[in-house]
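Engineer: This is the structure I want to talk about, given as structure tokens.
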Amino acid sequence: METGNPAMASTSRSRLQEYFHTEHQPGERKLVRKIDFFILTFCCLSYFTNYLDRSNLANAYVSGMKEDLGFVGDQFNQINTCFTVGYVIGQIPANLSLHFIKPRYFFPACMIVWAGLTMVTASAHNPQSIMAIRFFQGIFEATTFVGTHYILGSWYTERELGKRSGIFTASGLAGTMIGGFIQTGLNSGLDGRNGLRGWRWLFIIDGLITLPVALYGFLFFPDTPSTTKAFYLSDSEKALAVSRVPPMEDRSPISWTFFKKTFSSWFFWGFVVLWIIAGETESFSSNSLLALYLKSHPSIKYSVSQLNNYPTGVPAVGIVSTLFWATLTDFLNGKRYLVGYFIGITGIVTSAMILAAAKDPTSAQSTSMVFGAYYWAGSVYACQATFFAWANDALRYDDHMFRAIVLSGMNLGSNAVNAWWSIIFYGASMAPWFNRGMWAMIAVSILLVIWTAALSYTTTKHERARQAEVAQSTGFGNHKSDADYA
């Protein structure tokens with residue numbers, strides 16, 4: 001009887017030991033602990049409040065705002081589209097601003113503005129007012145996601161990046177999850193206090209929570225390795241931080257030639273299209289379909305607490321999936337593309353489950369199947385951390401401005417499509433079954449698998465070419481960027 005391959009078992013143990021016992025330069029372990037504390041705490045708290053502010057709209061909608069403000073048709077989706085349009089407009093300018101305004105000033109300033117806009121939402125008396133507020137809120141929230149991924153890619157090595165990206169993304173999902181519980185508490189404890197409904201208190205308190213996080217960032221955020229003046233880093237630690245990552249150019253390469261080279265690069269379009277497709281695989285969760293399903297259930301009348309609490313299982317699954325895949329792909333030496341295949345399968349199967357459930361809409365089995373499908377679909381959030389880490393990995397040796405444009409272009413492209421995609425396929429008036437959206441999800445899931453395979457082949461090929469060029473080069477000046485290869 002065979003008992004397994006001893007050589008394979010030994011290799012697996014060696015890889016685990018290597019993964020958990022990375023060799024560090026003198027003082028490097030202490031440096032990583034410091035930047036983990038000051039960068040990750042601010043970025044995670046910022047993203048937490050960012051998603052708290054975003055998710056509160058859906059929580060408010062099912063907690064009385066729909067009836068109080070007289071929502072009709074797809075106005076809920078139109079508000080999300082207004083936010084998305086502002087978010088798209090702000091993407092590239094926000095990321096480029098990080099090269100001219102210190103991040104420790106720029107990030108907190110944007111947070112203060114969006115916190116104010118969140119609180120102002122509590123005074124709205126019609127859906128049109130919220131549309132205007134969310135448009136400007138989208139502009140000022142635009143830097144949080146891609147800006148943070150740019151900062152993470154500037155401080156962390158390839159071996160460290162996936163886990164940190166996963167923790168950052170999970171913090172946003174935690175904001176979505178906790179937002180439901182906050183609304184439940186406010187609805188029972190503050191509804192009617194000082195003449196305000198519970199959903200209005202939600203916007204006020206979410207905005208107030210954001211302000212101390214902005215102050216923390218202003219005082220402690222360390223900017224980038226080459227520009228940091230953080231008081232808690234010694235001169236030797238600052239020099240070590242710079243030496244850990246590829247050098248950055250001192251001058252800004254912004255010019256017509258730079259933009260022409262960027263937008264003709266296969267790397268730019270490869271990652272932008274990847275995130276456009278992957279972003280739409282998140283549609284079940286990003287459009288709050290479970291909450292809308294519960295609100296329009298064909299036979300069950302759910303309470304306000306249930307409408308807010310039951311959907312929190314979706315981001316909870318997303319947190320677990322994100323941390324699992326971020327850690328696993330780090331362990332597998334950056335094979336981020338594996339997530340694309342997993343998400344493709346998930347999108348196809350969960351859509352088929354909901355289509356099947358719609359055939360017998362009032363049965364208990366149908367409801368259970370829908371819950372299971374939407375909870376499982378929450379796992380697709382793993383693509384946020386892993387795909388942006390993939391882009392950071394692939395462009396690690398390139399011009400920092402090119403990397404910034406690619407990262408912001410990914411989010412811009414995804415949100416530009418999502419601005420109209422959600423209305424066409426996931427309008428609130430299509431609840432509870434969203435049949436058109438289910439077929440759209442199957443289509444983009446198949447496309448994601450195909451595009452992931454093509455991009456993984458291309459990035460692997462170019463990385464081999466880069467390594468060969470470096471090996472043959474007689475000097476650093478002969479190094480080519482990924483944009484040159486593309």
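Letters A, B, ... mark the chains of the structure tokens in the order given; residue numbers begin at 1 per chain; ligand numbers begin at 1, in order shown.
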Wanna dump the stretch 109-204 of chain A-stretch 382-388 of chain A contacts at 9 Å for me, each residue with its shortest atom pair and the distance in Å to one decimal, counting only C-alpha atoms, ordered by chain and number, as CSV?
Structural biologist:
residue,atom,partner,partner_atom,distance
A:Val146,CA,A:Phe388,CA,8.4
A:His149,CA,A:Phe388,CA,7.0
A:Gly162,CA,A:Thr386,CA,6.4
A:Lys163,CA,A:Ala385,CA,8.4
A:Arg164,CA,A:Ala385,CA,8.5
A:Ser165,CA,A:Ala385,CA,5.0
A:Gly166,CA,A:Ala385,CA,5.0
A:Ile167,CA,A:Ala385,CA,8.3
A:Phe168,CA,A:Ala385,CA,7.7
A:Thr169,CA,A:Ala385,CA,5.9
A:Ala170,CA,A:Ala385,CA,8.6
Engineer: List as JSON, numbers by chain the protein and nucleic acid residues near stretch 274-290 of chain A, meaning an atom at most 6 Å away when only C-alpha atoms are counted, but skip any in the same chain fewer than 5 places from it.
Structural biologist: {"A": [410, 413, 414]}
Engineer: Within 12 Å of stretch 353-365 of chain A, counting only C-alpha atoms, which residues show up once you throw out same-chain ones fewer than 3 positions away? Write them as a ChimeraX atom specification, please.
Structural biologist: /A:284,289-290,293,296-300,346-350,368-377,431-442
Engineer: Kindly save the residues from that selection, with C-alpha atoms included, as a PDB file, in the first residue's frame.
Structural biologist:
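Done, and the output landed in result_7.pdb:
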ATOM      1  CA  PHE A 284     -24.588  40.490  -6.921  1.00  0.00           C
ATOM      2  CA  LEU A 289     -29.213  42.106  -4.586  1.00  0.00           C
ATOM      3  CA  LEU A 290     -29.856  40.012  -1.484  1.00  0.00           C
ATOM      4  CA  TYR A 293     -34.570  40.228  -2.928  1.00  0.00           C
ATOM      5  CA  SER A 296     -39.427  42.174  -2.613  1.00  0.00           C
ATOM      6  CA  HIS A 297     -39.767  38.552  -1.506  1.00  0.00           C
ATOM      7  CA  PRO A 298     -42.809  36.962  -3.176  1.00  0.00           C
ATOM      8  CA  SER A 299     -44.231  35.424   0.011  1.00  0.00           C
ATOM      9  CA  ILE A 300     -42.322  36.514   3.146  1.00  0.00           C
ATOM     10  CA  THR A 346     -18.624  30.800  -8.798  1.00  0.00           C
ATOM     11  CA  GLY A 347     -20.436  33.265 -11.053  1.00  0.00           C
ATOM     12  CA  ILE A 348     -21.781  30.543 -13.342  1.00  0.00           C
ATOM     13  CA  VAL A 349     -22.973  28.221 -10.573  1.00  0.00           C
ATOM     14  CA  THR A 350     -24.569  30.885  -8.347  1.00  0.00           C
ATOM     15  CA  SER A 368     -32.769  28.648   0.905  1.00  0.00           C
ATOM     16  CA  MET A 369     -31.172  28.259  -2.518  1.00  0.00           C
ATOM     17  CA  VAL A 370     -31.182  32.031  -3.083  1.00  0.00           C
ATOM     18  CA  PHE A 371     -29.590  32.678   0.305  1.00  0.00           C
ATOM     19  CA  GLY A 372     -26.922  30.075  -0.415  1.00  0.00           C
ATOM     20  CA  ALA A 373     -26.199  31.510  -3.856  1.00  0.00           C
ATOM     21  CA  TYR A 374     -25.827  35.106  -2.677  1.00  0.00           C
ATOM     22  CA  TYR A 375     -23.677  34.123   0.301  1.00  0.00           C
ATOM     23  CA  TRP A 376     -21.416  32.035  -1.942  1.00  0.00           C
ATOM     24  CA  ALA A 377     -21.281  34.900  -4.449  1.00  0.00           C
ATOM     25  CA  ALA A 431     -36.307  42.433  -7.973  1.00  0.00           C
ATOM     26  CA  PRO A 432     -36.560  39.815  -6.727  1.00  0.00           C
ATOM     27  CA  TRP A 433     -35.158  37.592  -9.503  1.00  0.00           C
ATOM     28  CA  PHE A 434     -33.051  39.783 -11.829  1.00  0.00           C
ATOM     29  CA  ASN A 435     -33.286  37.172 -14.605  1.00  0.00           C
ATOM     30  CA  ARG A 436     -31.503  39.363 -17.129  1.00  0.00           C
ATOM     31  CA  GLY A 437     -28.704  39.942 -14.652  1.00  0.00           C
ATOM     32  CA  MET A 438     -28.249  36.224 -14.020  1.00  0.00           C
ATOM     33  CA  TRP A 439     -27.551  35.579 -17.692  1.00  0.00           C
ATOM     34  CA  ALA A 440     -25.227  38.597 -17.797  1.00  0.00           C
ATOM     35  CA  MET A 441     -23.323  37.150 -14.845  1.00  0.00           C
ATOM     36  CA  ILE A 442     -22.888  33.814 -16.611  1.00  0.00           C
TER      37      ILE A 442
END
Engineer: Extract, using only C-alpha atoms, all DNA, RNA and protein residues at most 12 Å from A:Gln137, discarding same-chain residues fewer than 6 positions from it, and format them as a ChimeraX atom specification.
Structural biologist: /A:50,53-54,79-90,110-121,130-131,143-144,207
Engineer: Could you pull out the alpha helix (DSSP H) residues of stretch 208-390 of chain A, going by DSSP on the backbone, and write them as a PyMOL selection string?
Structural biologist: chain A and resi 208-220+235-243+256-263+266-281+283-286+289-295+304-309+313-331+338-357+364-377+382-390
Engineer: Write out the residues from the selection above, keeping C-alpha atoms, as a short mmCIF file (atom, residue, chain, number, x, y, z; two decimals), in the first residue's frame.
Structural biologist:
data_model
loop_
_atom_site.label_atom_id
_atom_site.label_comp_id
_atom_site.auth_asym_id
_atom_site.auth_seq_id
_atom_site.Cartn_x
_atom_site.Cartn_y
_atom_site.Cartn_z
CA LEU A 208 -18.78 61.46 12.45
CA ILE A 209 -16.93 58.12 12.63
CA THR A 210 -14.82 59.17 9.62
CA LEU A 211 -13.42 62.41 11.08
CA PRO A 212 -11.02 61.01 13.74
CA VAL A 213 -9.60 58.58 11.17
CA ALA A 214 -8.76 61.55 8.93
CA LEU A 215 -6.96 63.25 11.83
CA TYR A 216 -5.00 60.07 12.52
CA GLY A 217 -3.84 59.96 8.89
CA PHE A 218 -2.77 63.60 8.93
CA LEU A 219 -0.60 63.00 11.99
CA PHE A 220 0.88 59.56 11.28
CA ASP A 235 17.23 57.54 9.07
CA SER A 236 18.49 53.98 8.68
CA GLU A 237 14.92 52.67 8.48
CA LYS A 238 14.04 55.24 5.82
CA ALA A 239 17.08 54.17 3.79
CA LEU A 240 16.14 50.50 4.26
CA ALA A 241 12.57 51.22 3.10
CA VAL A 242 13.91 52.74 -0.12
CA SER A 243 16.28 49.82 -0.72
CA TRP A 256 2.36 63.47 -24.34
CA THR A 257 4.95 60.75 -25.09
CA PHE A 258 4.32 59.18 -21.67
CA PHE A 259 0.54 59.06 -22.16
CA LYS A 260 0.90 57.75 -25.72
CA LYS A 261 3.23 55.01 -24.49
CA THR A 262 0.91 54.20 -21.59
CA PHE A 263 -2.31 53.93 -23.57
CA TRP A 266 -0.79 45.91 -23.73
CA PHE A 267 -0.22 45.91 -19.96
CA PHE A 268 -2.51 48.88 -19.52
CA TRP A 269 -5.37 47.39 -21.53
CA GLY A 270 -4.79 43.89 -20.23
CA PHE A 271 -5.31 44.87 -16.60
CA VAL A 272 -7.99 47.48 -17.29
CA VAL A 273 -10.13 44.97 -19.20
CA LEU A 274 -9.44 42.34 -16.53
CA TRP A 275 -10.92 44.59 -13.86
CA ILE A 276 -13.80 45.72 -16.06
CA ILE A 277 -14.85 42.08 -16.38
CA ALA A 278 -14.05 41.11 -12.80
CA GLY A 279 -15.81 44.17 -11.44
CA GLU A 280 -19.06 43.00 -12.97
CA THR A 281 -18.70 39.59 -11.35
CA SER A 283 -22.57 42.76 -9.21
CA PHE A 284 -24.59 40.49 -6.92
CA SER A 285 -22.91 42.02 -3.89
CA SER A 286 -22.15 45.57 -5.06
CA LEU A 289 -29.21 42.11 -4.59
CA LEU A 290 -29.86 40.01 -1.48
CA ALA A 291 -31.31 43.03 0.34
CA LEU A 292 -33.48 43.87 -2.67
CA TYR A 293 -34.57 40.23 -2.93
CA LEU A 294 -35.63 40.23 0.73
CA LYS A 295 -37.43 43.56 0.34
CA VAL A 304 -36.31 45.94 9.23
CA SER A 305 -33.79 44.13 11.44
CA GLN A 306 -33.84 41.08 9.15
CA LEU A 307 -33.49 43.27 6.06
CA ASN A 308 -30.33 44.80 7.52
CA ASN A 309 -28.83 41.77 9.25
CA GLY A 313 -23.41 37.30 5.57
CA VAL A 314 -22.33 38.32 2.05
CA PRO A 315 -19.38 40.55 3.08
CA ALA A 316 -18.57 38.08 5.89
CA VAL A 317 -17.96 35.41 3.26
CA GLY A 318 -16.06 38.00 1.23
CA ILE A 319 -13.69 38.69 4.12
CA VAL A 320 -12.85 35.01 4.58
CA SER A 321 -12.42 34.48 0.83
CA THR A 322 -10.26 37.58 0.43
CA LEU A 323 -7.87 36.67 3.23
CA PHE A 324 -7.70 33.03 2.09
CA TRP A 325 -6.88 33.81 -1.55
CA ALA A 326 -4.51 36.68 -0.74
CA THR A 327 -2.52 34.44 1.59
CA LEU A 328 -2.63 31.42 -0.73
CA THR A 329 -1.44 33.35 -3.79
CA ASP A 330 1.42 34.83 -1.76
CA PHE A 331 2.37 31.29 -0.72
CA LEU A 338 -5.98 31.31 -9.96
CA VAL A 339 -8.61 33.58 -8.41
CA GLY A 340 -9.98 34.38 -11.86
CA TYR A 341 -10.80 30.74 -12.50
CA PHE A 342 -12.44 30.34 -9.09
CA ILE A 343 -14.57 33.45 -9.60
CA GLY A 344 -15.61 32.32 -13.07
CA ILE A 345 -16.92 29.03 -11.70
CA THR A 346 -18.62 30.80 -8.80
CA GLY A 347 -20.44 33.26 -11.05
CA ILE A 348 -21.78 30.54 -13.34
CA VAL A 349 -22.97 28.22 -10.57
CA THR A 350 -24.57 30.89 -8.35
CA SER A 351 -26.44 32.41 -11.29
CA ALA A 352 -27.76 28.99 -12.27
CA MET A 353 -28.91 28.42 -8.69
CA ILE A 354 -30.96 31.64 -8.64
CA LEU A 355 -32.44 30.94 -12.08
CA ALA A 356 -33.50 27.52 -10.80
CA ALA A 357 -34.96 29.00 -7.61
CA ALA A 364 -38.85 27.19 1.25
CA GLN A 365 -36.27 25.40 -0.91
CA SER A 366 -36.25 28.33 -3.33
CA THR A 367 -35.53 30.82 -0.53
CA SER A 368 -32.77 28.65 0.90
CA MET A 369 -31.17 28.26 -2.52
CA VAL A 370 -31.18 32.03 -3.08
CA PHE A 371 -29.59 32.68 0.30
CA GLY A 372 -26.92 30.07 -0.41
CA ALA A 373 -26.20 31.51 -3.86
CA TYR A 374 -25.83 35.11 -2.68
CA TYR A 375 -23.68 34.12 0.30
CA TRP A 376 -21.42 32.04 -1.94
CA ALA A 377 -21.28 34.90 -4.45
CA ALA A 382 -11.38 38.05 -3.35
CA CYS A 383 -10.57 39.43 -6.79
CA GLN A 384 -10.16 42.98 -5.46
CA ALA A 385 -7.04 42.28 -3.42
CA THR A 386 -5.53 39.65 -5.69
CA PHE A 387 -6.02 41.38 -9.06
CA PHE A 388 -4.65 44.72 -7.86
CA ALA A 389 -1.76 42.87 -6.23
CA TRP A 390 -1.26 41.11 -9.58
#
Engineer: Given only C-alpha atoms as the basis, pick out the residue of A:Val32, A:Tyr105, A:Leu45, A:Pro311 nearest to A:Ala58.
Structural biologist: A:Pro311
Engineer: Quick one: residues within 7 Å of stretch 198-201 of chain A, only C-alpha atoms, excluding same-chain residues fewer than 3 positions away - as a list of chain:residue names?
Structural biologist: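 Contacts, with the query itself left out: A:Ala60, A:Ser63, A:Gly64, A:Met65, A:Ala122, A:Gln183, A:Leu186, A:Asn187, A:Leu190, A:Asp191, A:Gly192, A:Ile204, A:Ile205.
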Engineer: Can I get the selection written as a short mmCIF file (atom, residue, chain, number, x, y, z; two decimals), in the first residue's frame, with all heavy atoms?
Structural biologist:
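Result saved to out_35.cif:
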data_model
loop_
_atom_site.label_atom_id
_atom_site.label_comp_id
_atom_site.auth_asym_id
_atom_site.auth_seq_id
_atom_site.Cartn_x
_atom_site.Cartn_y
_atom_site.Cartn_z
N ALA A 60 -30.17 52.21 4.43
CA ALA A 60 -31.21 53.22 4.63
C ALA A 60 -32.42 52.95 3.74
O ALA A 60 -33.57 53.13 4.15
CB ALA A 60 -30.64 54.61 4.35
N SER A 63 -34.68 50.53 5.17
CA SER A 63 -35.06 50.85 6.55
C SER A 63 -35.99 52.06 6.63
O SER A 63 -36.09 52.69 7.69
CB SER A 63 -33.80 51.12 7.38
OG SER A 63 -32.94 50.00 7.38
N GLY A 64 -36.64 52.40 5.52
CA GLY A 64 -37.62 53.46 5.57
C GLY A 64 -37.37 54.62 4.62
O GLY A 64 -38.28 55.41 4.35
N MET A 65 -36.14 54.76 4.12
CA MET A 65 -35.84 55.87 3.23
C MET A 65 -36.65 55.79 1.94
O MET A 65 -37.10 56.81 1.40
CB MET A 65 -34.34 55.92 2.90
CG MET A 65 -33.93 57.11 2.05
SD MET A 65 -32.15 57.20 1.76
CE MET A 65 -31.95 55.85 0.57
N ALA A 122 -28.31 63.24 5.43
CA ALA A 122 -29.37 63.08 6.42
C ALA A 122 -30.46 64.14 6.26
O ALA A 122 -31.58 63.96 6.75
CB ALA A 122 -28.80 63.15 7.83
N GLN A 183 -27.21 50.00 11.43
CA GLN A 183 -28.54 50.46 11.07
C GLN A 183 -29.61 49.80 11.93
O GLN A 183 -30.59 50.43 12.34
CB GLN A 183 -28.83 50.20 9.60
CG GLN A 183 -30.23 50.63 9.14
CD GLN A 183 -30.48 52.10 9.37
OE1 GLN A 183 -29.78 52.95 8.82
NE2 GLN A 183 -31.48 52.43 10.18
N LEU A 186 -29.49 51.57 15.27
CA LEU A 186 -30.02 52.93 15.19
C LEU A 186 -31.54 52.91 15.03
O LEU A 186 -32.24 53.76 15.57
CB LEU A 186 -29.38 53.67 14.02
CG LEU A 186 -27.90 53.99 14.15
CD1 LEU A 186 -27.37 54.68 12.89
CD2 LEU A 186 -27.66 54.88 15.36
N ASN A 187 -32.03 51.95 14.25
CA ASN A 187 -33.46 51.90 14.00
C ASN A 187 -34.24 51.60 15.29
O ASN A 187 -35.34 52.12 15.51
CB ASN A 187 -33.77 50.83 12.96
CG ASN A 187 -35.21 50.92 12.45
OD1 ASN A 187 -35.54 51.84 11.72
ND2 ASN A 187 -36.05 49.97 12.82
N LEU A 190 -32.56 54.96 18.03
CA LEU A 190 -32.60 56.39 17.74
C LEU A 190 -33.73 56.80 16.81
O LEU A 190 -33.90 57.98 16.53
CB LEU A 190 -31.26 56.84 17.12
CG LEU A 190 -30.06 56.90 18.05
CD1 LEU A 190 -28.81 57.33 17.28
CD2 LEU A 190 -30.31 57.85 19.22
N ASP A 191 -34.48 55.84 16.31
CA ASP A 191 -35.56 56.17 15.37
C ASP A 191 -36.56 57.11 16.05
O ASP A 191 -37.15 56.78 17.09
CB ASP A 191 -36.27 54.90 14.90
CG ASP A 191 -37.23 55.18 13.75
OD1 ASP A 191 -36.92 56.07 12.93
OD2 ASP A 191 -38.28 54.52 13.68
N GLY A 192 -36.72 58.30 15.50
CA GLY A 192 -37.63 59.29 16.06
C GLY A 192 -36.98 60.26 17.02
O GLY A 192 -37.59 61.26 17.41
N ILE A 204 -25.55 60.53 9.67
CA ILE A 204 -24.86 61.45 10.59
C ILE A 204 -23.74 60.73 11.33
O ILE A 204 -22.60 61.20 11.39
CB ILE A 204 -25.86 62.06 11.59
CG1 ILE A 204 -26.87 62.95 10.85
CG2 ILE A 204 -25.13 62.86 12.67
CD1 ILE A 204 -28.02 63.44 11.71
N ILE A 205 -24.05 59.57 11.88
CA ILE A 205 -23.06 58.85 12.68
C ILE A 205 -21.94 58.29 11.82
O ILE A 205 -20.76 58.33 12.21
CB ILE A 205 -23.77 57.74 13.49
CG1 ILE A 205 -24.65 58.39 14.56
CG2 ILE A 205 -22.76 56.78 14.11
CD1 ILE A 205 -25.47 57.45 15.38
#
Engineer: Between atom CA of A:Gly175 and atom CA of A:Tyr310, measure the distance and give it in Å to one decimal.
Structural biologist: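 Interatomic distance, atom CA of A:Gly175 to atom CA of A:Tyr310: 15.0 Å.
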Engineer: Record the distance separating atom CA of A:Leu40 and atom CA of A:Leu152, expressed in Å with one decimal.
Structural biologist: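 Taking atom CA of A:Leu40 as the start and atom CA of A:Leu152 as the end point, the length is 8.7 Å.
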Engineer: For A:Gly172, list every protein, DNA or RNA residue within 8 Å, evaluated using only C-alpha atoms, and leave out those in the same chain fewer than 4 positions away; present the list as a list in words.
Structural biologist: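 So, after excluding close chain neighbours, the residues are Cys44, Tyr47, Phe48, Thr49, Asn50, Tyr51, Leu52, Phe168 and Thr176 of chain A.
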Engineer: Go ahead and save the picked residues with C-alpha atoms, as a PDB file, in the first residue's frame.
Structural biologist:
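The resulting file, result-v8.pdb, is shown below:
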ATOM      1  CA  CYS A  44      -7.914  49.896   6.683  1.00  0.00           C
ATOM      2  CA  TYR A  47     -11.516  51.958   3.674  1.00  0.00           C
ATOM      3  CA  PHE A  48     -13.737  50.726   6.498  1.00  0.00           C
ATOM      4  CA  THR A  49     -15.373  54.148   6.820  1.00  0.00           C
ATOM      5  CA  ASN A  50     -15.423  54.473   3.022  1.00  0.00           C
ATOM      6  CA  TYR A  51     -17.488  51.315   2.625  1.00  0.00           C
ATOM      7  CA  LEU A  52     -19.548  52.187   5.678  1.00  0.00           C
ATOM      8  CA  PHE A 168      -7.019  46.214   3.248  1.00  0.00           C
ATOM      9  CA  THR A 176     -20.313  46.815   4.634  1.00  0.00           C
TER      10      THR A 176
END
Engineer: Work out how far apart atom CA of A:Ile405 and atom CA of A:Pro93 are and give it in Å to one decimal.
Structural biologist: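 If I compute the distance from atom CA of A:Ile405 to atom CA of A:Pro93, I get 9.5 Å.
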Engineer: Quick one: everything within 10 Å of A:Pro247, counting only C-alpha atoms, minus sequence neighbours fewer than 6 positions away in the same chain. Send it as an NGL selection string.
Structural biologist: :A and (154 or 225-226 or 396-400)
Engineer: Rank A:Arg244, A:Ile446, A:Pro127, A:Lys461 by their smallest atom-to-atom distance to A:Gly73, using only C-alpha atoms, and report the top residue only.
Structural biologist: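 Ranking A:Arg244, A:Ile446, A:Pro127, A:Lys461 by distance to A:Gly73, first place goes to A:Pro127.
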